[in-house]
Structure formats: C-alpha cells, structure tokens
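What's in input.txt: compact mmCIF, C-alpha atoms
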```txt
# COMPACT_ATOMS: atom_id res chain seq x y z
CA MET A 1 7.46 11.39 -15.03
CA SER A 2 4.75 9.53 -13.14
CA LYS A 3 3.89 10.37 -9.62
CA ILE A 4 4.03 7.42 -7.25
CA ILE A 5 0.41 6.45 -7.08
CA PHE A 6 0.30 3.88 -4.32
CA GLN A 7 1.43 3.57 -0.77
CA LEU A 8 2.00 0.26 0.92
CA ASN A 9 -0.26 -0.78 3.77
CA LYS A 10 -2.95 1.65 2.81
CA ARG A 11 -6.56 0.59 2.49
CA PHE A 12 -7.95 -0.89 -0.70
CA GLY A 13 -9.01 1.70 -3.22
CA LEU A 14 -9.05 3.04 -6.71
CA GLU A 15 -6.10 5.11 -7.88
CA GLU A 16 -5.81 7.17 -11.01
CA ILE A 17 -2.90 6.28 -13.27
CA LYS A 18 -1.08 9.25 -14.71
CA THR A 19 -2.10 9.46 -18.36
CA SER A 20 -0.84 11.50 -21.27
CA SER A 21 -2.41 11.81 -24.69
CA ASP A 22 -1.60 13.26 -28.06
CA ASP A 23 -2.65 12.59 -31.64
CA ARG A 24 -1.10 9.12 -31.40
CA GLY A 25 -3.44 8.01 -28.59
CA TYR A 26 -3.30 7.52 -24.82
CA LEU A 27 -0.50 6.32 -22.57
CA SER A 28 -1.18 5.43 -18.91
CA LYS A 29 2.00 4.81 -16.96
CA PHE A 30 3.13 3.97 -13.49
CA GLN A 31 6.45 3.35 -11.86
CA PHE A 32 7.21 0.56 -9.45
CA ASP A 33 9.07 1.64 -6.39
CA ASN A 34 10.20 -0.34 -3.38
CA HIS A 35 9.64 2.50 -0.95
CA GLN A 36 6.12 3.56 -1.80
CA PHE A 37 4.84 0.67 -3.88
CA PHE A 38 5.74 -2.93 -4.42
CA THR A 39 7.89 -4.30 -7.19
CA PRO A 40 5.82 -7.09 -8.73
CA LYS A 41 7.09 -10.66 -8.69
CA GLU A 42 4.25 -11.98 -10.81
CA PHE A 43 1.90 -10.62 -13.43
CA PHE A 44 -1.13 -12.24 -14.97
CA LEU A 45 -3.94 -11.52 -17.41
CA VAL A 46 -7.46 -12.94 -16.99
CA TYR A 47 -9.68 -13.06 -20.07
CA GLY A 48 -12.32 -15.11 -21.87
CA VAL A 49 -14.36 -15.35 -18.68
CA PRO A 50 -17.81 -16.83 -19.50
CA GLU A 51 -20.90 -14.85 -18.52
CA GLY A 52 -21.98 -15.40 -14.94
CA GLN A 53 -18.64 -16.69 -13.69
CA ILE A 54 -17.16 -15.36 -10.46
CA ARG A 55 -13.42 -15.40 -9.81
CA GLY A 56 -11.32 -14.68 -6.76
CA GLN A 57 -13.29 -15.28 -3.57
CA HIS A 58 -10.22 -15.42 -1.39
CA ALA A 59 -7.82 -13.21 0.53
CA HIS A 60 -4.04 -13.28 0.99
CA HIS A 61 -1.90 -13.21 4.11
CA ASN A 62 1.04 -11.43 2.47
CA CYS A 63 0.38 -10.68 -1.16
CA HIS A 64 -0.47 -7.14 -2.28
CA GLN A 65 -2.21 -6.87 -5.65
CA ILE A 66 -3.05 -4.25 -8.24
CA LEU A 67 -5.94 -4.81 -10.63
CA ILE A 68 -6.44 -2.91 -13.89
CA SER A 69 -9.03 -3.44 -16.58
CA ALA A 70 -7.15 -3.32 -19.88
CA SER A 71 -10.35 -3.93 -21.85
CA GLY A 72 -14.04 -4.21 -21.10
CA SER A 73 -15.57 -4.13 -17.65
CA VAL A 74 -15.44 -6.19 -14.47
CA ASN A 75 -16.93 -5.71 -11.01
CA VAL A 76 -14.72 -6.25 -7.98
CA ASP A 77 -16.28 -6.72 -4.54
CA VAL A 78 -13.82 -6.08 -1.74
CA ASP A 79 -14.13 -6.62 1.99
CA ASP A 80 -11.49 -5.91 4.62
CA GLY A 81 -13.42 -7.72 7.35
CA SER A 82 -15.14 -4.61 8.58
CA GLN A 83 -16.11 -2.71 5.42
CA LYS A 84 -17.34 -3.83 2.02
CA GLU A 85 -17.19 -1.91 -1.24
CA GLN A 86 -17.83 -2.59 -4.90
CA PHE A 87 -15.72 -1.19 -7.71
CA THR A 88 -16.38 -1.32 -11.43
CA LEU A 89 -13.13 -1.47 -13.39
CA ASN A 90 -13.79 -0.25 -16.91
CA ARG A 91 -10.98 2.16 -17.80
CA GLN A 92 -7.29 1.73 -18.44
CA ASP A 93 -6.32 4.75 -16.36
CA PHE A 94 -7.54 3.48 -12.99
CA ALA A 95 -6.00 0.79 -10.81
CA LEU A 96 -7.48 -0.96 -7.81
CA TYR A 97 -5.03 -1.62 -4.99
CA LEU A 98 -5.73 -4.59 -2.71
CA PRO A 99 -3.59 -4.94 0.42
CA PRO A 100 -3.22 -8.27 2.26
CA TYR A 101 -6.30 -9.42 4.17
CA THR A 102 -8.69 -8.11 1.53
CA TRP A 103 -11.37 -10.59 0.49
CA ALA A 104 -12.01 -9.96 -3.21
CA SER A 105 -14.38 -11.37 -5.82
CA GLN A 106 -14.51 -10.52 -9.52
CA SER A 107 -17.82 -10.82 -11.34
CA ARG A 108 -19.81 -9.49 -14.30
CA PHE A 109 -16.90 -9.78 -16.70
CA SER A 110 -17.91 -8.28 -20.04
CA LYS A 111 -17.21 -10.48 -23.03
CA ASP A 112 -14.19 -8.33 -23.99
CA ALA A 113 -12.88 -7.98 -20.42
CA VAL A 114 -9.15 -8.37 -19.86
CA LEU A 115 -8.11 -7.99 -16.23
CA LEU A 116 -4.46 -7.31 -15.37
CA VAL A 117 -3.15 -8.37 -11.97
CA PHE A 118 0.22 -7.46 -10.42
CA CYS A 119 1.29 -9.52 -7.39
CA SER A 120 3.89 -8.55 -4.80
CA GLU A 121 4.69 -12.20 -4.03
CA TYR A 122 5.23 -15.42 -5.97
CA TYR A 123 2.35 -17.86 -5.96
CA ASP A 124 2.20 -19.76 -2.67
CA PRO A 125 -0.83 -21.91 -1.78
CA ALA A 126 -0.19 -21.23 1.93
CA ASP A 127 -0.73 -17.51 1.33
CA TYR A 128 -4.38 -18.05 0.39
CA ILE A 129 -7.35 -17.73 2.74
CA LYS A 130 -10.18 -19.47 0.91
CA ASN A 131 -12.67 -19.85 3.74
CA TYR A 132 -14.67 -16.70 4.42
CA ASN A 133 -15.38 -17.57 8.06
CA GLU A 134 -11.69 -18.03 8.67
CA PHE A 135 -11.06 -14.66 7.00
CA LYS A 136 -13.62 -13.01 9.28
CA GLU A 137 -12.02 -14.57 12.36
CA ILE A 138 -8.53 -13.41 11.39
CA THR A 139 -9.60 -9.87 10.54
CA SER A 140 -11.75 -9.55 13.70
CA LEU A 141 -8.72 -10.46 15.80
CA ALA A 142 -6.64 -7.85 13.98
CA ASN A 143 -9.19 -5.06 14.31
CA MET B 1 4.10 -22.33 -11.41
CA SER B 2 5.23 -20.46 -14.50
CA LYS B 3 8.38 -21.37 -16.27
CA ILE B 4 10.77 -18.47 -16.72
CA ILE B 5 10.00 -17.42 -20.23
CA PHE B 6 12.69 -14.89 -21.02
CA GLN B 7 16.43 -14.67 -20.84
CA LEU B 8 18.29 -11.42 -20.64
CA ASN B 9 20.47 -10.36 -23.55
CA LYS B 10 18.76 -12.70 -25.95
CA ARG B 11 17.56 -11.53 -29.34
CA PHE B 12 14.16 -9.97 -29.80
CA GLY B 13 11.40 -12.51 -30.23
CA LEU B 14 7.98 -13.78 -29.38
CA GLU B 15 7.58 -15.92 -26.27
CA GLU B 16 4.57 -17.93 -25.20
CA ILE B 17 3.19 -17.06 -21.78
CA LYS B 18 2.19 -20.06 -19.69
CA THR B 19 -1.60 -20.17 -19.72
CA SER B 20 -4.13 -22.17 -17.79
CA SER B 21 -7.85 -22.37 -18.43
CA ASP B 22 -10.92 -23.78 -16.78
CA ASP B 23 -14.63 -23.03 -16.86
CA ARG B 24 -13.92 -19.59 -15.38
CA GLY B 25 -11.79 -18.48 -18.34
CA TYR B 26 -8.10 -18.06 -19.18
CA LEU B 27 -5.17 -16.96 -17.03
CA SER B 28 -1.80 -16.14 -18.62
CA LYS B 29 0.92 -15.64 -16.04
CA PHE B 30 4.59 -14.88 -15.84
CA GLN B 31 7.04 -14.37 -13.05
CA PHE B 32 9.64 -11.64 -12.92
CA ASP B 33 13.07 -12.80 -11.96
CA ASN B 34 16.31 -10.91 -11.66
CA HIS B 35 18.44 -13.77 -12.88
CA GLN B 36 16.67 -14.74 -16.06
CA PHE B 37 14.39 -11.81 -16.68
CA PHE B 38 14.19 -8.20 -15.59
CA THR B 39 12.11 -6.85 -12.76
CA PRO B 40 10.16 -3.98 -14.30
CA LYS B 41 10.60 -0.44 -13.02
CA GLU B 42 7.83 0.98 -15.18
CA PHE B 43 4.68 -0.27 -16.80
CA PHE B 44 2.45 1.45 -19.30
CA LEU B 45 -0.65 0.85 -21.39
CA VAL B 46 -1.13 2.34 -24.86
CA TYR B 47 -4.69 2.59 -26.21
CA GLY B 48 -7.07 4.72 -28.25
CA VAL B 49 -4.51 4.96 -31.05
CA PRO B 50 -6.16 6.52 -34.14
CA GLU B 51 -6.06 4.62 -37.41
CA GLY B 52 -2.87 5.11 -39.36
CA GLN B 53 -0.78 6.32 -36.45
CA ILE B 54 2.68 4.89 -35.88
CA ARG B 55 4.29 4.83 -32.44
CA GLY B 56 7.76 4.00 -31.20
CA GLN B 57 10.34 4.58 -33.94
CA HIS B 58 13.23 4.62 -31.55
CA ALA B 59 15.67 2.32 -29.77
CA HIS B 60 17.10 2.29 -26.23
CA HIS B 61 20.66 2.11 -24.98
CA ASN B 62 19.81 0.28 -21.75
CA CYS B 63 16.11 -0.40 -21.46
CA HIS B 64 14.73 -3.89 -22.06
CA GLN B 65 11.03 -4.05 -22.86
CA ILE B 66 8.26 -6.60 -23.04
CA LEU B 67 5.20 -5.94 -25.20
CA ILE B 68 1.89 -7.76 -24.88
CA SER B 69 -1.36 -7.12 -26.68
CA ALA B 70 -4.06 -7.23 -23.99
CA SER B 71 -6.79 -6.49 -26.55
CA GLY B 72 -7.00 -6.15 -30.31
CA SER B 73 -4.08 -6.24 -32.68
CA VAL B 74 -0.93 -4.25 -33.35
CA ASN B 75 2.01 -4.77 -35.69
CA VAL B 76 5.52 -4.33 -34.35
CA ASP B 77 8.44 -3.87 -36.74
CA VAL B 78 11.76 -4.62 -35.10
CA ASP B 79 15.29 -4.15 -36.35
CA ASP B 80 18.52 -4.95 -34.51
CA GLY B 81 20.69 -3.16 -37.05
CA SER B 82 21.34 -6.26 -39.09
CA GLN B 83 18.00 -8.05 -39.23
CA LYS B 84 14.43 -6.86 -39.52
CA GLU B 85 11.29 -8.73 -38.57
CA GLN B 86 7.59 -7.96 -38.22
CA PHE B 87 5.39 -9.37 -35.46
CA THR B 88 1.64 -9.15 -35.13
CA LEU B 89 0.60 -9.04 -31.48
CA ASN B 90 -3.01 -10.18 -31.23
CA ARG B 91 -3.19 -12.66 -28.32
CA GLN B 92 -2.83 -12.30 -24.57
CA ASP B 93 -0.64 -15.37 -24.25
CA PHE B 94 2.31 -14.13 -26.29
CA ALA B 95 4.88 -11.53 -25.32
CA LEU B 96 7.43 -9.79 -27.49
CA TYR B 97 10.81 -9.25 -25.85
CA LEU B 98 12.90 -6.29 -27.06
CA PRO B 99 16.49 -6.04 -25.82
CA PRO B 100 18.43 -2.76 -25.87
CA TYR B 101 19.49 -1.57 -29.33
CA THR B 102 16.31 -2.77 -30.98
CA TRP B 103 14.67 -0.21 -33.24
CA ALA B 104 10.91 -0.77 -32.89
CA SER B 105 7.80 0.76 -34.49
CA GLN B 106 4.19 -0.04 -33.67
CA SER B 107 1.57 0.37 -36.37
CA ARG B 108 -1.82 -0.86 -37.57
CA PHE B 109 -3.38 -0.58 -34.11
CA SER B 110 -6.91 -2.00 -34.25
CA LYS B 111 -9.58 0.23 -32.77
CA ASP B 112 -9.74 -1.98 -29.63
CA ALA B 113 -5.97 -2.42 -29.30
CA VAL B 114 -4.45 -2.13 -25.83
CA LEU B 115 -0.69 -2.60 -25.78
CA LEU B 116 1.07 -3.38 -22.49
CA VAL B 117 4.72 -2.41 -22.10
CA PHE B 118 7.05 -3.43 -19.26
CA CYS B 119 10.32 -1.46 -18.97
CA SER B 120 13.48 -2.55 -17.16
CA GLU B 121 14.49 1.08 -16.51
CA TYR B 122 12.85 4.31 -15.43
CA TYR B 123 12.19 6.83 -18.16
CA ASP B 124 15.35 8.67 -19.15
CA PRO B 125 15.47 10.87 -22.25
CA ALA B 126 19.20 10.11 -22.60
CA ASP B 127 18.40 6.42 -23.04
CA TYR B 128 16.56 7.06 -26.32
CA ILE B 129 18.04 6.78 -29.80
CA LYS B 130 15.58 8.62 -32.03
CA ASN B 131 17.69 9.02 -35.15
CA TYR B 132 17.74 5.91 -37.32
CA ASN B 133 21.08 6.73 -38.94
CA GLU B 134 22.63 7.08 -35.52
CA PHE B 135 21.10 3.74 -34.55
CA LYS B 136 22.60 2.11 -37.66
CA GLU B 137 26.03 3.58 -36.87
CA ILE B 138 25.97 2.35 -33.27
CA THR B 139 24.82 -1.16 -34.15
CA SER B 140 27.27 -1.48 -37.04
CA LEU B 141 30.13 -0.67 -34.67
CA ALA B 142 28.84 -3.28 -32.21
CA ASN B 143 28.43 -6.04 -34.79
```

Translate the structure of the given file into structure tokens.
Amino acid sequence: MSKIIFQLNKRFGLEEIKTSSDDRGYLSKFQFDNHQFFTPKEFFLVYGVPEGQIRGQHAHHNCHQILISASGSVNVDVDDGSQKEQFTLNRQDFALYLPPYTWASQSRFSKDAVLLVFCSEYYDPADYIKNYNEFKEITSLAN
Amino acid sequence: MSKIIFQLNKRFGLEEIKTSSDDRGYLSKFQFDNHQFFTPKEFFLVYGVPEGQIRGQHAHHNCHQILISASGSVNVDVDDGSQKEQFTLNRQDFALYLPPYTWASQSRFSKDAVLLVFCSEYYDPADYIKNYNEFKEITSLAN
C-alpha cells in the first residue's frame, strides 16, 4: 500500500512516489485521499512541445496541481511570491506539488517529454492569475 | 472544456481524449465525473518493462480502470469472457477503459513505454481474479 505522499496547504515541493520493482519492471503508485491530498477533477498530458517554448506562466487562486514527468525532462520554475525555486522533472517516481498562489513556468521540454498534470478543480478562467505584478500584489498582501 | 469521454458500465474500448494544440505543443485533457465516469482513488505508472515481459493477466470484481500510453507502445489483450480484443496503446490522446470482469494482459512494451493506470478503487487483494478458469466460470454465469 502507498503512503499518502502529499498534504494539502503545504508549500510547493518534490515528493517521492512509492515505487516497487521486480523482473517485470517498475510501478510507481499513489493514492488520492480527500483528507491528506486532493481528489483530482481534471487530468491532462502535455507533449510535443517544440524546443524553446515556455508553458504555464500563471498562478491559480484555488487549484492545487501535481506535476509528473512520465517521459523525458522538463524544468519547472516556481515562485510563491517570496521564494523562487527551480525543479527538473525527469523521473517517473517524483511528483511536484503546487499549491494555490504558486506562479509556475515550464521550460526546456526535451523532445520526448510528456508532462502529467492533476488538477484539484475543473477549468475556470476566473481561477487564473496571468499577470505577474498582480500575483506579487496578492501574495505580498497574504504574507 | 472536455466532453465526458467515458460512461460507467460500458464495454471495454478505446476512447479519444479531447486534445488541443498550438505552437506550444499538445494538451490532452479529461475530466473526472462521478456521474458518467469514476473519480480515481489510485493512480500508477508502469515503466522500464524488460522485453518479453507480460503484465496484468487478471481481472477485477469491482475496480474500473483506464489505461493510457504516455510514451512508447504497449499491447493490451482484453477478454470479457465472451469476446476477446487486442488494442495497441501508442498515443497520448487515446485511453482504454476496462470495466470490472475484464481479463487484461499487457505485452510487447517498447523500451520507452510508460503506461498510466487510473483505478476506481483502492488496492484490495480480494478484488483480484487471478485464475483464468475461475474468471471464465464467473463471466459465464453472468452472461
């Protein structure tokens, strides 16, 4: 059985996914749980990203996300308004958790990159913060 | 917004995932919904499967699953007790739905294959049917 690997309202960060292996290969598994993690309402895969393209560049008011690289490599720059960090996602057994009010950009997608994204909320245009200055204002008021 | 792409209690089968693309690449997205699709309790990735290995070879009493190839190619043989079919999963924008009482085997994993599996139930050893004769008996009684 998997341990619960995330906790809601924690800071962004990389979490190891419990992985088992035998002569048939590797299996990385996690359980969704309403108490310690969100149950996803949406799931999407991002792939075929041309060299040099940058995705994301926004934050959310309500939506929690989990990012996993299923194939290849992608850099994720995150910023909670006071601290910035860069993560390289290049293994199937690590997940990056992004709470609301995390500004995130994805760049340096390798040709074979496939990025998985789990969302705690359905798509809602009003949930997006697309202006960085506005993001900084909101997060400075909260801190 | 995604259309709802699955319906509970339907037969196994391949479903197209709504996909959008622009100069930043491809995004294939689906929404989980309790009424027309299951909300997953578990999610796992299978990868690094050595050549010639076969996985699965069981059915479930209760668990619905969705299989997506995030990278590479894998063959999935499915059998509902009366009909058999083989699917090749090799694109990110198609998902294979497996209802309960579907005997499934995964084989011919390409070296770069990464198989995603969404499960409607938490892992429970009692939910597994691992003996094919038993599976045939159960499904023949149900049909």

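Proximity to region 57-66 of chain A at 7 Å, evaluated using all atoms listed in the file and with sequence-adjacent residues fewer than 3 positions away removed, yields Ala95, Leu96, Tyr97, Leu98, Pro99, Pro100, Tyr101, Thr102, Trp103, Ala104, Ser105, Val117, Phe118, Cys119, Ser120, Glu121, Asp127, Tyr128, Ile129 and Lys130 of chain A.
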
**Complete:** Between A:Phe87, A:Phe135, A:Phe109, A:Phe12, smallest distance to Gly48 (chain A) by all atoms listed in the file belongs to A:Phe109

**Request:** Compare A:Lys10, A:Lys136, A:Lys41, A:Lys18 by their minimum atom-to-atom distance to chain B, counting all atoms listed in the file, and give me the closest one.
**Result:**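 Result for the nearest residue to chain B: A:Lys41.
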
**Message:** Please report the interatomic distance between CA of Gln31 (chain A) and CA of Pro40 (chain B) in Å with one decimal.
**Reply:**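 That distance, rounded to one decimal, is 8.6 Å.
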
**Message:** Give me, as a PyMOL selection string, the residues of chain A touching chain B, with the criterion being at most 10 Å (counting all atoms listed in the file).
**Reply:** chain A and resi 1-2+17-34+39-55+69-72+92-93+112-119+121-124

**Asked** Interatomic distance between CA of Thr88 (chain B) and CA of Ser110 (chain A)?
**Response**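 These two atoms are separated by 24.7 Å.
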
All Cα atoms, paired in order, least squares: that's the fit I need for chain A onto chain B, output as a short mmCIF file (atom, residue, chain, number, x, y, z; two decimals) with C-alpha atoms, in the coordinates of the input.
```cif
data_model
loop_
_atom_site.label_atom_id
_atom_site.label_comp_id
_atom_site.auth_asym_id
_atom_site.auth_seq_id
_atom_site.Cartn_x
_atom_site.Cartn_y
_atom_site.Cartn_z
CA MET A 1 4.06 -22.37 -11.43
CA SER A 2 5.22 -20.48 -14.50
CA LYS A 3 8.38 -21.36 -16.26
CA ILE A 4 10.77 -18.46 -16.69
CA ILE A 5 10.02 -17.40 -20.21
CA PHE A 6 12.71 -14.88 -20.99
CA GLN A 7 16.44 -14.66 -20.82
CA LEU A 8 18.30 -11.40 -20.64
CA ASN A 9 20.49 -10.35 -23.55
CA LYS A 10 18.80 -12.70 -25.94
CA ARG A 11 17.58 -11.55 -29.32
CA PHE A 12 14.17 -9.98 -29.80
CA GLY A 13 11.40 -12.49 -30.22
CA LEU A 14 7.99 -13.77 -29.37
CA GLU A 15 7.58 -15.89 -26.26
CA GLU A 16 4.59 -17.90 -25.20
CA ILE A 17 3.18 -17.04 -21.79
CA LYS A 18 2.20 -20.03 -19.71
CA THR A 19 -1.59 -20.15 -19.75
CA SER A 20 -4.12 -22.17 -17.81
CA SER A 21 -7.84 -22.38 -18.44
CA ASP A 22 -10.92 -23.79 -16.81
CA ASP A 23 -14.63 -23.03 -16.88
CA ARG A 24 -13.91 -19.60 -15.38
CA GLY A 25 -11.78 -18.49 -18.35
CA TYR A 26 -8.10 -18.07 -19.19
CA LEU A 27 -5.17 -16.98 -17.05
CA SER A 28 -1.79 -16.14 -18.64
CA LYS A 29 0.93 -15.63 -16.07
CA PHE A 30 4.60 -14.88 -15.87
CA GLN A 31 7.05 -14.37 -13.08
CA PHE A 32 9.64 -11.64 -12.92
CA ASP A 33 13.05 -12.82 -11.94
CA ASN A 34 16.29 -10.92 -11.60
CA HIS A 35 18.43 -13.79 -12.82
CA GLN A 36 16.67 -14.75 -16.02
CA PHE A 37 14.39 -11.79 -16.66
CA PHE A 38 14.19 -8.20 -15.58
CA THR A 39 12.11 -6.84 -12.76
CA PRO A 40 10.15 -3.97 -14.30
CA LYS A 41 10.60 -0.43 -13.02
CA GLU A 42 7.85 0.99 -15.18
CA PHE A 43 4.67 -0.26 -16.80
CA PHE A 44 2.44 1.46 -19.29
CA LEU A 45 -0.67 0.85 -21.38
CA VAL A 46 -1.14 2.35 -24.86
CA TYR A 47 -4.69 2.57 -26.20
CA GLY A 48 -7.07 4.72 -28.24
CA VAL A 49 -4.51 4.95 -31.03
CA PRO A 50 -6.17 6.53 -34.12
CA GLU A 51 -6.07 4.61 -37.40
CA GLY A 52 -2.88 5.12 -39.36
CA GLN A 53 -0.78 6.31 -36.44
CA ILE A 54 2.69 4.88 -35.88
CA ARG A 55 4.30 4.82 -32.44
CA GLY A 56 7.77 4.00 -31.22
CA GLN A 57 10.35 4.59 -33.94
CA HIS A 58 13.26 4.62 -31.54
CA ALA A 59 15.68 2.31 -29.77
CA HIS A 60 17.11 2.28 -26.24
CA HIS A 61 20.68 2.11 -24.99
CA ASN A 62 19.82 0.29 -21.75
CA CYS A 63 16.12 -0.38 -21.46
CA HIS A 64 14.74 -3.88 -22.05
CA GLN A 65 11.03 -4.05 -22.86
CA ILE A 66 8.25 -6.60 -23.05
CA LEU A 67 5.20 -5.93 -25.20
CA ILE A 68 1.88 -7.76 -24.87
CA SER A 69 -1.38 -7.12 -26.66
CA ALA A 70 -4.08 -7.23 -23.99
CA SER A 71 -6.80 -6.50 -26.55
CA GLY A 72 -7.03 -6.15 -30.30
CA SER A 73 -4.10 -6.25 -32.68
CA VAL A 74 -0.94 -4.25 -33.35
CA ASN A 75 2.00 -4.76 -35.69
CA VAL A 76 5.51 -4.32 -34.34
CA ASP A 77 8.44 -3.88 -36.73
CA VAL A 78 11.76 -4.63 -35.10
CA ASP A 79 15.30 -4.15 -36.36
CA ASP A 80 18.50 -4.97 -34.51
CA GLY A 81 20.68 -3.16 -37.05
CA SER A 82 21.35 -6.25 -39.09
CA GLN A 83 18.00 -8.07 -39.24
CA LYS A 84 14.42 -6.86 -39.52
CA GLU A 85 11.27 -8.72 -38.56
CA GLN A 86 7.59 -7.96 -38.21
CA PHE A 87 5.39 -9.36 -35.47
CA THR A 88 1.63 -9.15 -35.14
CA LEU A 89 0.59 -9.05 -31.49
CA ASN A 90 -3.01 -10.19 -31.23
CA ARG A 91 -3.19 -12.65 -28.33
CA GLN A 92 -2.84 -12.30 -24.59
CA ASP A 93 -0.65 -15.38 -24.26
CA PHE A 94 2.31 -14.14 -26.29
CA ALA A 95 4.88 -11.52 -25.32
CA LEU A 96 7.43 -9.79 -27.50
CA TYR A 97 10.81 -9.24 -25.85
CA LEU A 98 12.90 -6.30 -27.07
CA PRO A 99 16.48 -6.05 -25.81
CA PRO A 100 18.43 -2.77 -25.87
CA TYR A 101 19.50 -1.58 -29.32
CA THR A 102 16.30 -2.78 -30.96
CA TRP A 103 14.66 -0.22 -33.23
CA ALA A 104 10.91 -0.77 -32.90
CA SER A 105 7.80 0.75 -34.48
CA GLN A 106 4.18 -0.03 -33.66
CA SER A 107 1.57 0.38 -36.37
CA ARG A 108 -1.84 -0.85 -37.55
CA PHE A 109 -3.39 -0.59 -34.11
CA SER A 110 -6.91 -2.01 -34.24
CA LYS A 111 -9.57 0.23 -32.74
CA ASP A 112 -9.76 -1.98 -29.62
CA ALA A 113 -5.98 -2.42 -29.29
CA VAL A 114 -4.46 -2.13 -25.83
CA LEU A 115 -0.69 -2.60 -25.78
CA LEU A 116 1.07 -3.38 -22.49
CA VAL A 117 4.72 -2.42 -22.09
CA PHE A 118 7.07 -3.44 -19.26
CA CYS A 119 10.32 -1.46 -18.98
CA SER A 120 13.47 -2.53 -17.16
CA GLU A 121 14.51 1.08 -16.52
CA TYR A 122 12.85 4.32 -15.44
CA TYR A 123 12.17 6.83 -18.17
CA ASP A 124 15.35 8.67 -19.14
CA PRO A 125 15.47 10.88 -22.25
CA ALA A 126 19.21 10.12 -22.62
CA ASP A 127 18.40 6.43 -23.05
CA TYR A 128 16.55 7.07 -26.32
CA ILE A 129 18.04 6.78 -29.80
CA LYS A 130 15.58 8.62 -32.03
CA ASN A 131 17.67 9.01 -35.16
CA TYR A 132 17.74 5.90 -37.33
CA ASN A 133 21.09 6.72 -38.94
CA GLU A 134 22.65 7.08 -35.53
CA PHE A 135 21.12 3.73 -34.55
CA LYS A 136 22.61 2.10 -37.65
CA GLU A 137 26.04 3.57 -36.88
CA ILE A 138 25.98 2.34 -33.28
CA THR A 139 24.80 -1.16 -34.16
CA SER A 140 27.29 -1.48 -37.06
CA LEU A 141 30.12 -0.68 -34.67
CA ALA A 142 28.85 -3.31 -32.23
CA ASN A 143 28.44 -6.04 -34.83
#
```

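Atom to atom, CA of Phe94 (chain B) and CA of Val76 (chain B) stand 13.1 Å apart.
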